[in-house]
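Visitor: This one is final.csv, CSV, C-alpha atoms and all ligand atoms.
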```csv
chain,number,residue,atom,x,y,z
J,1,MET,CA,106.5,144.9,87.3
J,2,SER,CA,108.8,142.0,88.1
J,3,GLN,CA,110.2,139.7,85.4
J,4,GLY,CA,108.5,136.4,84.8
J,5,PHE,CA,105.4,134.7,83.5
J,6,ASN,CA,101.8,134.8,84.4
J,7,VAL,CA,100.8,131.4,85.5
J,8,ALA,CA,97.3,130.0,86.2
J,9,VAL,CA,96.6,126.8,88.2
J,10,ALA,CA,93.2,125.4,87.2
J,11,GLY,CA,92.0,123.0,89.9
J,12,ALA,CA,94.1,124.8,92.6
J,13,THR,CA,92.3,123.2,95.5
J,14,GLY,CA,92.8,119.6,94.3
J,15,ALA,CA,95.4,117.1,95.3
J,16,VAL,CA,97.5,117.9,92.2
J,17,GLY,CA,96.7,121.6,92.1
J,18,VAL,CA,98.1,122.1,95.6
J,19,GLU,CA,101.3,120.4,94.6
J,20,MET,CA,101.5,122.5,91.4
J,21,ILE,CA,101.5,125.6,93.6
J,22,LYS,CA,104.2,124.2,95.9
J,23,THR,CA,106.3,122.9,93.0
J,24,LEU,CA,106.3,126.3,91.3
J,25,GLU,CA,107.5,127.9,94.5
J,26,LYS,CA,110.1,125.2,95.4
J,27,ARG,CA,111.6,125.2,91.9
J,28,ASN,CA,111.7,129.0,91.8
J,29,PHE,CA,109.6,129.1,88.6
J,30,PRO,CA,109.7,132.7,87.4
J,31,VAL,CA,106.2,133.6,88.3
J,32,ARG,CA,105.2,137.3,87.8
J,33,ASN,CA,101.5,136.7,88.7
J,34,LEU,CA,99.9,133.5,90.0
J,35,LYS,CA,96.2,133.0,89.4
J,36,LEU,CA,94.5,130.2,91.4
J,37,LEU,CA,91.3,128.9,89.8
J,38,ALA,CA,88.8,126.4,91.1
J,39,SER,CA,85.0,126.0,91.2
J,40,LYS,CA,82.6,128.5,92.6
J,41,ARG,CA,82.7,126.5,95.9
J,42,SER,CA,86.3,127.5,96.6
J,43,ALA,CA,86.1,131.1,95.4
J,44,GLY,CA,87.3,133.5,98.1
J,45,LYS,CA,89.5,130.9,100.0
J,46,THR,CA,93.2,131.6,99.9
J,47,ALA,CA,96.3,129.5,99.4
J,48,LYS,CA,99.9,130.5,100.2
J,49,PHE,CA,102.5,131.1,97.5
J,50,CYS,CA,105.9,132.4,98.4
J,51,GLY,CA,104.7,133.7,101.8
J,52,THR,CA,101.7,135.6,100.4
J,53,ASP,CA,98.0,134.7,100.5
J,54,VAL,CA,96.6,134.3,97.0
J,55,THR,CA,92.8,134.4,96.7
J,56,ILE,CA,91.2,131.5,94.8
J,57,GLU,CA,88.9,132.7,92.0
J,58,GLU,CA,86.1,130.9,90.3
J,59,MET,CA,87.3,129.7,86.9
J,60,THR,CA,85.5,131.3,83.9
J,61,PRO,CA,86.5,131.6,80.2
J,62,GLU,CA,87.7,135.1,80.9
J,63,SER,CA,90.2,133.8,83.6
J,64,PHE,CA,93.0,133.3,81.0
J,65,LYS,CA,93.5,136.8,79.6
J,66,GLY,CA,97.2,137.6,79.9
J,67,VAL,CA,98.1,134.2,81.2
J,68,ASP,CA,101.3,132.5,79.7
J,69,PHE,CA,101.0,129.0,81.2
J,70,ALA,CA,97.7,127.4,82.4
J,71,LEU,CA,98.4,124.3,84.4
J,72,PHE,CA,95.1,122.3,84.4
J,73,SER,CA,94.2,119.6,86.9
J,74,ALA,CA,90.4,119.8,87.3
J,75,GLY,CA,89.4,116.7,85.3
J,76,SER,CA,88.9,115.9,81.6
J,77,ASP,CA,85.5,117.5,81.3
J,78,ILE,CA,86.7,120.9,82.6
J,79,SER,CA,89.8,120.7,80.4
J,80,LYS,CA,87.6,120.1,77.3
J,81,GLU,CA,85.3,122.9,78.4
J,82,TYR,CA,88.1,125.4,78.7
J,83,ARG,CA,90.5,124.4,76.0
J,84,LYS,CA,89.3,127.0,73.5
J,85,ALA,CA,89.2,129.9,76.0
J,86,VAL,CA,92.8,129.1,77.1
J,87,VAL,CA,94.2,128.7,73.6
J,88,ASP,CA,92.3,131.8,72.3
J,89,ALA,CA,93.7,133.8,75.1
J,90,GLY,CA,97.2,132.8,73.9
J,91,ALA,CA,98.1,130.8,77.0
J,92,LEU,CA,99.9,127.5,76.8
J,93,MET,CA,97.6,124.8,78.3
J,94,ILE,CA,99.5,122.1,80.2
J,95,ASP,CA,96.8,119.6,80.9
J,96,ASN,CA,97.0,116.8,83.4
J,97,SER,CA,93.8,115.1,82.3
J,98,SER,CA,93.5,112.4,79.8
J,99,ALA,CA,91.3,114.6,77.6
J,100,PHE,CA,93.7,115.3,74.7
J,101,ARG,CA,96.6,112.9,75.2
J,102,MET,CA,96.1,110.8,72.1
J,103,GLU,CA,95.3,113.7,69.8
J,104,ASP,CA,97.9,113.9,67.0
J,105,ASP,CA,98.6,117.6,67.4
J,106,VAL,CA,98.9,117.5,71.2
J,107,PRO,CA,102.4,116.5,72.4
J,108,LEU,CA,102.5,114.1,75.3
J,109,VAL,CA,105.6,114.9,77.2
J,110,VAL,CA,107.9,113.6,79.9
J,111,PRO,CA,110.7,116.1,80.0
J,112,GLU,CA,113.4,113.5,80.7
J,113,VAL,CA,112.1,111.4,77.8
J,114,ASN,CA,110.8,113.5,74.9
J,115,PRO,CA,111.3,117.2,75.6
J,116,GLU,CA,111.7,117.9,71.8
J,117,ASP,CA,108.0,117.0,71.3
J,118,ALA,CA,106.9,119.9,73.5
J,119,LYS,CA,108.0,122.4,70.8
J,120,LEU,CA,105.4,121.0,68.3
J,121,HIS,CA,102.4,122.1,70.3
J,122,HIS,CA,99.4,124.1,69.0
J,123,GLY,CA,98.5,125.6,72.4
J,124,VAL,CA,98.0,122.4,74.4
J,125,ILE,CA,100.6,120.0,75.8
J,126,ALA,CA,99.3,116.9,77.7
J,127,ASN,CA,100.8,115.5,80.8
J,128,PRO,CA,100.8,111.7,80.5
J,129,ASN,CA,99.1,109.3,82.8
J,130,CYS,CA,100.9,109.2,86.2
J,131,THR,CA,101.8,105.5,86.0
J,132,THR,CA,103.1,105.9,82.5
J,133,ILE,CA,105.3,108.8,83.5
J,134,ILE,CA,106.8,107.0,86.5
J,135,MET,CA,107.5,103.9,84.3
J,136,LEU,CA,109.0,105.7,81.4
J,137,VAL,CA,111.4,107.9,83.4
J,138,ALA,CA,113.1,104.6,84.2
J,139,VAL,CA,112.4,102.6,81.1
J,140,ALA,CA,113.1,105.2,78.4
J,141,PRO,CA,116.9,105.3,79.0
J,142,LEU,CA,117.0,101.5,78.7
J,143,HIS,CA,114.9,101.6,75.6
J,144,ARG,CA,117.4,104.1,74.1
J,145,ALA,CA,120.3,101.8,74.9
J,146,LYS,CA,118.9,98.4,74.2
J,147,LYS,CA,115.6,98.8,72.3
J,148,LEU,CA,112.7,97.6,74.3
J,149,VAL,CA,110.4,95.2,72.4
J,150,ARG,CA,108.0,94.0,75.0
J,151,LEU,CA,106.9,95.3,78.4
J,152,VAL,CA,104.6,93.7,81.0
J,153,ALA,CA,103.6,95.9,83.9
J,154,SER,CA,101.7,95.2,87.1
J,155,THR,CA,101.0,98.4,89.0
J,156,TYR,CA,100.4,99.2,92.7
J,157,GLN,CA,98.6,102.6,92.5
J,158,ALA,CA,98.0,105.0,95.3
J,159,ALA,CA,94.7,106.5,96.4
J,160,SER,CA,96.0,110.0,95.3
J,161,GLY,CA,95.3,108.9,91.7
J,162,ALA,CA,91.6,109.5,92.5
J,163,GLY,CA,92.3,113.0,93.7
J,164,ALA,CA,92.0,114.6,97.2
J,165,LYS,CA,88.8,112.6,97.7
J,166,GLY,CA,90.6,109.4,97.1
J,167,MET,CA,93.2,110.1,99.7
J,168,ALA,CA,90.5,111.3,102.2
J,169,GLU,CA,88.6,108.1,101.6
J,170,LEU,CA,91.6,105.9,102.3
J,171,GLU,CA,92.3,107.7,105.6
J,172,LEU,CA,88.7,107.7,106.7
J,173,GLN,CA,88.1,104.0,105.9
J,174,THR,CA,91.4,103.0,107.6
J,175,ARG,CA,90.2,104.7,110.8
J,176,GLN,CA,86.6,103.3,110.5
J,177,LEU,CA,87.8,99.7,109.9
J,178,LEU,CA,90.2,99.9,112.8
J,179,ASN,CA,87.3,101.1,115.0
J,180,GLY,CA,85.0,98.3,113.7
J,181,GLU,CA,82.7,100.9,112.0
J,182,ALA,CA,80.8,100.4,108.7
J,183,ILE,CA,82.4,101.9,105.6
J,184,GLN,CA,80.8,103.4,102.5
J,185,PRO,CA,82.9,103.3,99.3
J,186,SER,CA,82.4,106.4,97.2
J,187,ALA,CA,85.7,107.5,95.4
J,188,PHE,CA,86.5,103.8,94.7
J,189,ALA,CA,84.3,100.9,93.4
J,190,HIS,CA,85.0,98.9,96.6
J,191,GLN,CA,86.6,99.2,100.1
J,192,ILE,CA,90.1,100.6,99.7
J,193,GLY,CA,91.2,100.3,103.3
J,194,PHE,CA,93.0,96.9,103.9
J,195,ASN,CA,92.1,95.8,100.3
J,196,LEU,CA,93.4,95.9,96.7
J,197,ILE,CA,91.1,96.8,93.7
J,198,PRO,CA,92.2,95.5,90.3
J,199,HIS,CA,90.0,98.0,88.6
J,200,ILE,CA,91.1,101.6,87.7
J,201,ASP,CA,89.0,103.6,85.3
J,202,SER,CA,86.4,101.9,83.1
J,203,PHE,CA,86.5,98.5,81.5
J,204,GLN,CA,87.0,98.4,77.7
J,205,ASP,CA,85.8,96.0,75.1
J,206,ASN,CA,89.0,94.0,75.3
J,207,ASP,CA,88.5,93.5,79.1
J,208,TYR,CA,91.5,95.7,79.9
J,209,THR,CA,90.7,98.9,81.8
J,210,LYS,CA,91.1,102.4,80.3
J,211,GLU,CA,94.0,102.9,82.8
J,212,GLU,CA,95.8,99.8,81.5
J,213,MET,CA,95.2,100.9,77.9
J,214,LYS,CA,96.7,104.3,78.7
J,215,MET,CA,99.9,102.6,79.6
J,216,VAL,CA,99.9,100.8,76.3
J,217,LYS,CA,99.0,103.7,74.0
J,218,GLU,CA,100.8,106.5,75.8
J,219,SER,CA,104.0,104.6,76.1
J,220,ARG,CA,104.0,104.0,72.4
J,221,LYS,CA,103.4,107.7,71.7
J,222,ILE,CA,106.0,109.1,74.1
J,223,LEU,CA,108.7,106.6,73.0
J,224,HIS,CA,107.8,107.0,69.3
J,225,ALA,CA,107.6,103.2,69.3
J,226,PRO,CA,104.2,102.3,67.7
J,227,GLU,CA,105.2,98.6,67.5
J,228,LEU,CA,106.1,98.3,71.2
J,229,MET,CA,104.3,95.4,72.8
J,230,VAL,CA,102.8,96.4,76.2
J,231,SER,CA,100.5,94.7,78.6
J,232,CYS,CA,99.4,95.9,82.0
J,233,THR,CA,97.4,95.1,85.0
J,234,SER,CA,96.5,98.2,87.1
J,235,VAL,CA,95.7,97.7,90.8
J,236,ARG,CA,94.6,100.3,93.3
J,237,VAL,CA,96.4,99.8,96.7
J,238,PRO,CA,95.8,101.3,100.2
J,239,ILE,CA,98.8,103.7,99.8
J,240,LEU,CA,98.4,107.5,100.0
J,241,ARG,CA,100.4,109.0,97.2
J,242,ALA,CA,103.2,107.0,95.6
J,243,HIS,CA,102.7,104.5,92.8
J,244,SER,CA,104.8,101.4,92.4
J,245,GLU,CA,105.2,99.1,89.4
J,246,SER,CA,106.6,95.7,88.7
J,247,LEU,CA,108.1,95.7,85.2
J,248,ASN,CA,109.1,92.8,83.0
J,249,MET,CA,111.0,94.0,80.0
J,250,GLU,CA,112.2,92.2,76.9
J,251,PHE,CA,114.9,93.9,74.8
J,252,ALA,CA,116.1,93.5,71.2
J,253,GLU,CA,119.6,92.6,72.5
J,254,GLU,CA,121.2,91.0,75.5
J,255,VAL,CA,121.4,93.1,78.6
J,256,THR,CA,122.7,92.5,82.1
J,257,PRO,CA,121.5,93.8,85.4
J,258,ASP,CA,124.8,95.7,85.9
J,259,GLU,CA,124.3,97.4,82.5
J,260,VAL,CA,120.8,98.4,83.5
J,261,ARG,CA,122.0,99.8,86.8
J,262,ALA,CA,124.8,101.7,85.0
J,263,ILE,CA,122.4,103.2,82.5
J,264,LEU,CA,120.0,104.3,85.2
J,265,ARG,CA,122.7,105.8,87.4
J,266,SER,CA,123.4,108.3,84.7
J,267,ALA,CA,119.8,108.9,83.7
J,268,ALA,CA,117.9,112.1,84.7
J,269,GLY,CA,115.0,111.7,87.1
J,270,VAL,CA,116.0,108.2,88.4
J,271,THR,CA,117.6,107.1,91.6
J,272,VAL,CA,118.8,103.5,91.7
J,273,ALA,CA,117.7,102.0,95.0
J,274,ASP,CA,119.0,98.4,94.5
J,275,ASP,CA,121.0,96.8,97.3
J,276,PRO,CA,119.0,93.8,98.5
J,277,ALA,CA,121.7,92.8,101.0
J,278,ASN,CA,121.0,96.0,102.8
J,279,LYS,CA,117.3,95.8,102.3
J,280,LEU,CA,117.4,98.7,99.9
J,281,TYR,CA,114.7,98.6,97.1
J,282,PRO,CA,112.0,101.0,95.9
J,283,MET,CA,109.1,101.5,98.3
J,284,PRO,CA,106.3,104.0,98.1
J,285,LYS,CA,107.1,105.3,101.5
J,286,ASP,CA,110.6,106.4,100.3
J,287,ALA,CA,109.3,107.7,96.9
J,288,THR,CA,106.8,110.0,98.7
J,289,GLU,CA,107.6,113.7,98.2
J,290,GLN,CA,110.7,112.9,96.1
J,291,TYR,CA,111.2,114.2,92.6
J,292,ASN,CA,113.0,111.2,91.3
J,293,VAL,CA,111.6,107.8,90.5
J,294,LEU,CA,113.3,105.0,92.5
J,295,ALA,CA,114.4,101.9,90.5
J,296,GLY,CA,115.5,98.6,92.0
J,297,ARG,CA,115.1,94.8,92.3
J,298,ILE,CA,116.9,94.8,89.0
J,299,ARG,CA,117.6,91.2,87.9
J,300,GLN,CA,117.8,88.9,84.9
J,301,ASP,CA,114.5,87.4,84.0
J,302,ILE,CA,115.1,83.7,84.7
J,303,SER,CA,112.1,82.6,82.6
J,304,ARG,CA,114.1,83.2,79.4
J,305,SER,CA,117.4,81.7,78.3
J,306,ASP,CA,118.5,84.5,75.9
J,307,ASN,CA,119.5,87.1,78.5
J,308,ARG,CA,117.2,89.7,76.8
J,309,GLY,CA,114.8,89.9,79.8
J,310,ILE,CA,115.0,92.2,82.9
J,311,GLU,CA,112.8,92.4,85.9
J,312,MET,CA,112.6,95.8,87.7
J,313,PHE,CA,110.5,97.4,90.4
J,314,VAL,CA,109.9,101.2,90.5
J,315,SER,CA,108.2,103.6,92.9
J,316,GLY,CA,107.4,107.3,92.2
J,317,ASP,CA,105.4,110.1,93.8
J,318,GLN,CA,102.2,110.1,91.8
J,319,VAL,CA,101.2,113.6,92.8
J,320,LEU,CA,104.7,115.0,92.0
J,321,LYS,CA,106.5,113.2,89.1
J,322,GLY,CA,103.2,111.6,88.1
J,323,ALA,CA,101.4,114.9,87.8
J,324,ALA,CA,102.4,118.3,89.3
J,325,LEU,CA,106.2,118.2,88.9
J,326,ASN,CA,106.0,116.8,85.3
J,327,ALA,CA,103.6,119.7,84.4
J,328,VAL,CA,105.9,122.3,85.9
J,329,GLN,CA,108.9,120.7,84.2
J,330,ILE,CA,107.0,121.0,80.9
J,331,ALA,CA,106.5,124.7,81.5
J,332,GLU,CA,110.2,125.0,82.3
J,333,LEU,CA,111.1,123.8,78.8
J,334,PHE,CA,109.8,127.2,77.6
J,335,ILE,CA,111.6,129.6,80.0
O,1,LIG,P1,86.9,122.7,94.0
O,1,LIG,O1,87.7,122.3,95.2
O,1,LIG,O2,86.4,124.1,94.1
O,1,LIG,O3,85.8,121.7,93.8
O,1,LIG,P2,90.7,116.6,92.8
O,1,LIG,O4,91.1,115.9,91.5
O,1,LIG,O5,91.8,116.5,93.8
O,1,LIG,O6,89.4,116.1,93.3
O,1,LIG,O7,90.6,118.1,92.5
O,1,LIG,C1,89.7,118.6,91.5
O,1,LIG,C2,90.0,120.1,91.3
O,1,LIG,O8,89.1,120.5,90.2
O,1,LIG,C3,89.6,121.0,92.5
O,1,LIG,O9,90.5,122.1,92.6
O,1,LIG,C4,88.2,121.4,92.1
O,1,LIG,O10,87.8,122.7,92.7
O,1,LIG,C5,88.4,121.7,90.6
O,1,LIG,N1,87.1,121.8,90.0
O,1,LIG,C6,86.1,120.9,90.0
O,1,LIG,N2,85.0,121.3,89.3
O,1,LIG,C7,85.4,122.5,88.8
O,1,LIG,C8,84.7,123.5,88.0
O,1,LIG,N3,83.5,123.3,87.5
O,1,LIG,N4,85.4,124.6,87.6
O,1,LIG,C9,86.7,124.8,88.1
O,1,LIG,N5,87.3,123.9,88.9
O,1,LIG,C10,86.7,122.8,89.2
```
With the file now loaded, output its structure as structure tokens.
Guide:
Amino acid sequence: MSQGFNVAVAGATGAVGVEMIKTLEKRNFPVRNLKLLASKRSAGKTAKFCGTDVTIEEMTPESFKGVDFALFSAGSDISKEYRKAVVDAGALMIDNSSAFRMEDDVPLVVPEVNPEDAKLHHGVIANPNCTTIIMLVAVAPLHRAKKLVRLVASTYQAASGAGAKGMAELELQTRQLLNGEAIQPSAFAHQIGFNLIPHIDSFQDNDYTKEEMKMVKESRKILHAPELMVSCTSVRVPILRAHSESLNMEFAEEVTPDEVRAILRSAAGVTVADDPANKLYPMPKDATEQYNVLAGRIRQDISRSDNRGIEMFVSGDQVLKGAALNAVQIAELFI
């Protein structure tokens, strides 16, 4: 038997699951055996991994026997349903859903930011919210250098955040609208083609959405900064798979745009794309299928006189760094 680990991908037919399989292959993850799990509907279909066809199996509690890493992206309910079976089987569950992220004994990990937290797991490690991951890859190095005290984010989130059905709906509606046909929203609350929807996940008692509060709570947990002030407006945009974010940051000390660029140039997982004279700045088109988060439009916040404010724009591939890649990188911390 070849060396390596037994890996299961739960939700293998989904937008993120498909990228998990590709990412394992691209990064030469030492896979001994790959198990692809989805619902009964997909059982018997196949997916390619390293040139071979792997048959997709219906996920059951018995699926995890002998599995080392179980990468989950089949939604919160499925993660909750299978947690015990996965942990009892001795597998490490790396869960892309929001089911366990805020539990005290579940590390919430961005490998470039808080890899040491991963070791504290009790069988489950949570992959953070995609927008939070993309933001923190760029913000954490600045926080380490200059101590972030307040952050205001406005997001431009791609259809892929709603899974394969979200992407399909954007493509379908775009065609229908161009053809003058009627559209029928299903994955989103409203028309997504040629529109913006300032509503992602459910509304909370404080009038923020759950998605916006994920940015607040998860950032504090990942940065170990319970006092960090965060506010966010999350907006769904008609883009297929890369999220962008406008970030206004306030630091404890003075900071210049040049310092920010220098810090980010030596940070893991970030590419500085910041040359306005040559029309270079982060765009979702350029972040698509890239591992790194693009950071640019870096400038001093002119609304304050103390030189402690920075404006920045970031774009990152939601399906990769926001989900599949981050999950595979978490597994890599253990090999
Ligand atoms: P299936 O394609 O068989 O429905 P996305 O977030 O892109 O919509 O993907 C969701 C993933 O979760 C898919 O792979 C889907 O499989 C899987 N899934 C949905 N329901 C179940 C279930 N009851 N058991 C296992 N996997 C499921």
Visitor: Between J:Ser42, J:Asn179, J:Thr233, J:Thr256, which residue has the minimum interatomic distance to ligand LIG 1 (chain O), considering all atoms listed in the file?
Guide: J:Ser42
Visitor: Measuring atom to atom with all atoms listed in the file, identify which of J:Ser244, J:Thr23, J:Ser231, J:Gln184 is nearest to Gln157 in chain J.
Guide: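 Of all the options, J:Ser244 lies closest to Gln157 in chain J.
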Visitor: Can you tell me, as a PyMOL selection string, what residues are no more than 12 Å from Ala189 in chain J when counting only C-alpha atoms, ignoring any on the same chain fewer than 4 positions away?
Guide: chain J and resi 162+166+169+184-185+195-202+236
Visitor: Counting only C-alpha atoms and all ligand atoms, what residues are within 7 Å of ligand LIG 1 (chain O), given as a PyMOL selection string?
Guide: chain J and resi 10-17+37-42+58-59+73-75+78+162-165
Visitor: One decimal, in Å: what's the spacing between CA of Ala273 in chain J and CA of Leu320 in chain J?
Guide: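 So the answer is 18.6 Å.
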Visitor: Rank J:Leu34, J:Met213, J:Leu151, J:Ala262 by their smallest atom-to-atom distance to Asn248 in chain J, using all atoms listed in the file, and report the top residue only.
Guide: J:Leu151
Visitor: Using only C-alpha atoms, find the one residue out of J:Ala158, J:Ala324, J:Ile310, J:Ala70 that sits nearest to Lys22 in chain J.
Guide: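 Using only C-alpha atoms, Lys22 in chain J sits closest to J:Ala324.
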Visitor: Can you tell me which residues surround Arg308 in chain J at a distance of at most 6 Å, considering all atoms listed in the file, apart from same-chain residues fewer than 4 positions away, and format the answer as a PyMOL selection string?
Guide: chain J and resi 250-251+253-255
Visitor: Limited to C-alpha atoms, could you put the picked residues into a file as a compact mmCIF listing (two decimals), in the coordinates of the input?
Guide:
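File produced: selection18.txt:
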```
# COMPACT_ATOMS: atom_id res chain seq x y z
CA GLU J 250 112.20 92.20 76.90
CA PHE J 251 114.90 93.90 74.80
CA GLU J 253 119.60 92.60 72.50
CA GLU J 254 121.20 91.00 75.50
CA VAL J 255 121.40 93.10 78.60
```
Visitor: Expressed in Å to a single decimal, how great is the separation between CA of Leu247 in chain J and CA of Ala153 in chain J?
Guide: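 Atom-to-atom, CA of Leu247 in chain J and CA of Ala153 in chain J are spaced 4.7 Å apart.
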Visitor: Point out the residue among J:Ile134, J:Ala89, J:Val328, J:Val270 with the least atom-to-atom distance to Asn28 in chain J, counting all atoms listed in the file.
Guide: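 The answer is J:Val328, which sits nearest to Asn28 in chain J.
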Visitor: Have a look at CA of Ile330 in chain J and CA of Gly44 in chain J and let me know their distance in Å, one decimal.
Guide: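 Pair CA of Ile330 in chain J / CA of Gly44 in chain J returns 29.0 Å.
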Visitor: Please identify all polymer residues within 7 Å of range 108-125 of chain J, counting all atoms listed in the file, omitting same-chain residues fewer than 2 positions from it, and present them as a tab-separated table (two decimals) with C-alpha atoms, keeping the file's coordinate frame.
Guide:
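Produced file selection-v2.tsv, reproduced below:
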```
chain	number	residue	atom	x	y	z
J	87	VAL	CA	94.20	128.70	73.60
J	91	ALA	CA	98.10	130.80	77.00
J	92	LEU	CA	99.90	127.50	76.80
J	93	MET	CA	97.60	124.80	78.30
J	94	ILE	CA	99.50	122.10	80.20
J	95	ASP	CA	96.80	119.60	80.90
J	101	ARG	CA	96.60	112.90	75.20
J	105	ASP	CA	98.60	117.60	67.40
J	106	VAL	CA	98.90	117.50	71.20
J	127	ASN	CA	100.80	115.50	80.80
J	128	PRO	CA	100.80	111.70	80.50
J	133	ILE	CA	105.30	108.80	83.50
J	137	VAL	CA	111.40	107.90	83.40
J	140	ALA	CA	113.10	105.20	78.40
J	222	ILE	CA	106.00	109.10	74.10
J	268	ALA	CA	117.90	112.10	84.70
J	269	GLY	CA	115.00	111.70	87.10
J	326	ASN	CA	106.00	116.80	85.30
J	329	GLN	CA	108.90	120.70	84.20
J	330	ILE	CA	107.00	121.00	80.90
```
Visitor: Point out the residue among J:Ile21, J:Ile192, J:Cys130, J:Val152 with the least atom-to-atom distance to Gly51 in chain J, counting only C-alpha atoms.
Guide: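 Closest residue, counting only C-alpha atoms: J:Ile21.
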Visitor: Residues near Val216 in chain J, anyone? I mean within 8 Å using all atoms listed in the file, not counting same-chain ones fewer than 5 positions away, as a compact mmCIF listing (two decimals) with C-alpha atoms, in the frame of the given file.
Guide:
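The result, written out as result_15.txt:
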```txt
# COMPACT_ATOMS: atom_id res chain seq x y z
CA MET J 229 104.30 95.40 72.80
CA VAL J 230 102.80 96.40 76.20
CA SER J 231 100.50 94.70 78.60
CA CYS J 232 99.40 95.90 82.00
```
Visitor: Contacts of Ala99 in chain J at 7 Å or less, counting only C-alpha atoms, minus same-chain residues fewer than 2 places along, as a compact mmCIF listing (two decimals) with C-alpha atoms, in the coordinates of the input?
Guide:
```
# COMPACT_ATOMS: atom_id res chain seq x y z
CA SER J 76 88.90 115.90 81.60
CA SER J 79 89.80 120.70 80.40
CA LYS J 80 87.60 120.10 77.30
CA SER J 97 93.80 115.10 82.30
CA ARG J 101 96.60 112.90 75.20
```
Visitor: Range 170-252 of chain J near range 287-293 of chain J within 12 Å: what's each residue's closest atom pair and its distance in Å to one decimal, counting all atoms listed in the file, ordered by chain then ascending residue number, as a Markdown table?
Guide:
```
| residue | atom | partner | partner_atom | distance |
| --- | --- | --- | --- | --- |
| J:Ile239 | CA | J:Thr288 | CA | 10.2 |
| J:Leu240 | CA | J:Thr288 | CA | 8.9 |
| J:Arg241 | CA | J:Thr288 | CA | 6.6 |
| J:Ala242 | CA | J:Thr288 | CA | 5.6 |
| J:His243 | CA | J:Ala287 | CA | 8.4 |
| J:Ser244 | CA | J:Ala287 | CA | 9.0 |
| J:Glu245 | CA | J:Val293 | CA | 10.9 |
```
Visitor: What would the file look like if the residues just selected were written as a PDB file, keeping the file's coordinate frame with C-alpha atoms?
Guide:
```
ATOM      1  CA  ILE J 239      98.800 103.700  99.800  1.00  0.00           C
ATOM      2  CA  LEU J 240      98.400 107.500 100.000  1.00  0.00           C
ATOM      3  CA  ARG J 241     100.400 109.000  97.200  1.00  0.00           C
ATOM      4  CA  ALA J 242     103.200 107.000  95.600  1.00  0.00           C
ATOM      5  CA  HIS J 243     102.700 104.500  92.800  1.00  0.00           C
ATOM      6  CA  SER J 244     104.800 101.400  92.400  1.00  0.00           C
ATOM      7  CA  GLU J 245     105.200  99.100  89.400  1.00  0.00           C
TER       8      GLU J 245
END
```
Visitor: Could you pull out every residue with an atom within 6 Å of (97.7, 136.3, 85.1), file coordinates, counting only C-alpha atoms, and send them as an MDAnalysis selection string?
Guide: chainID J and resid 6:7 33 35 66:67
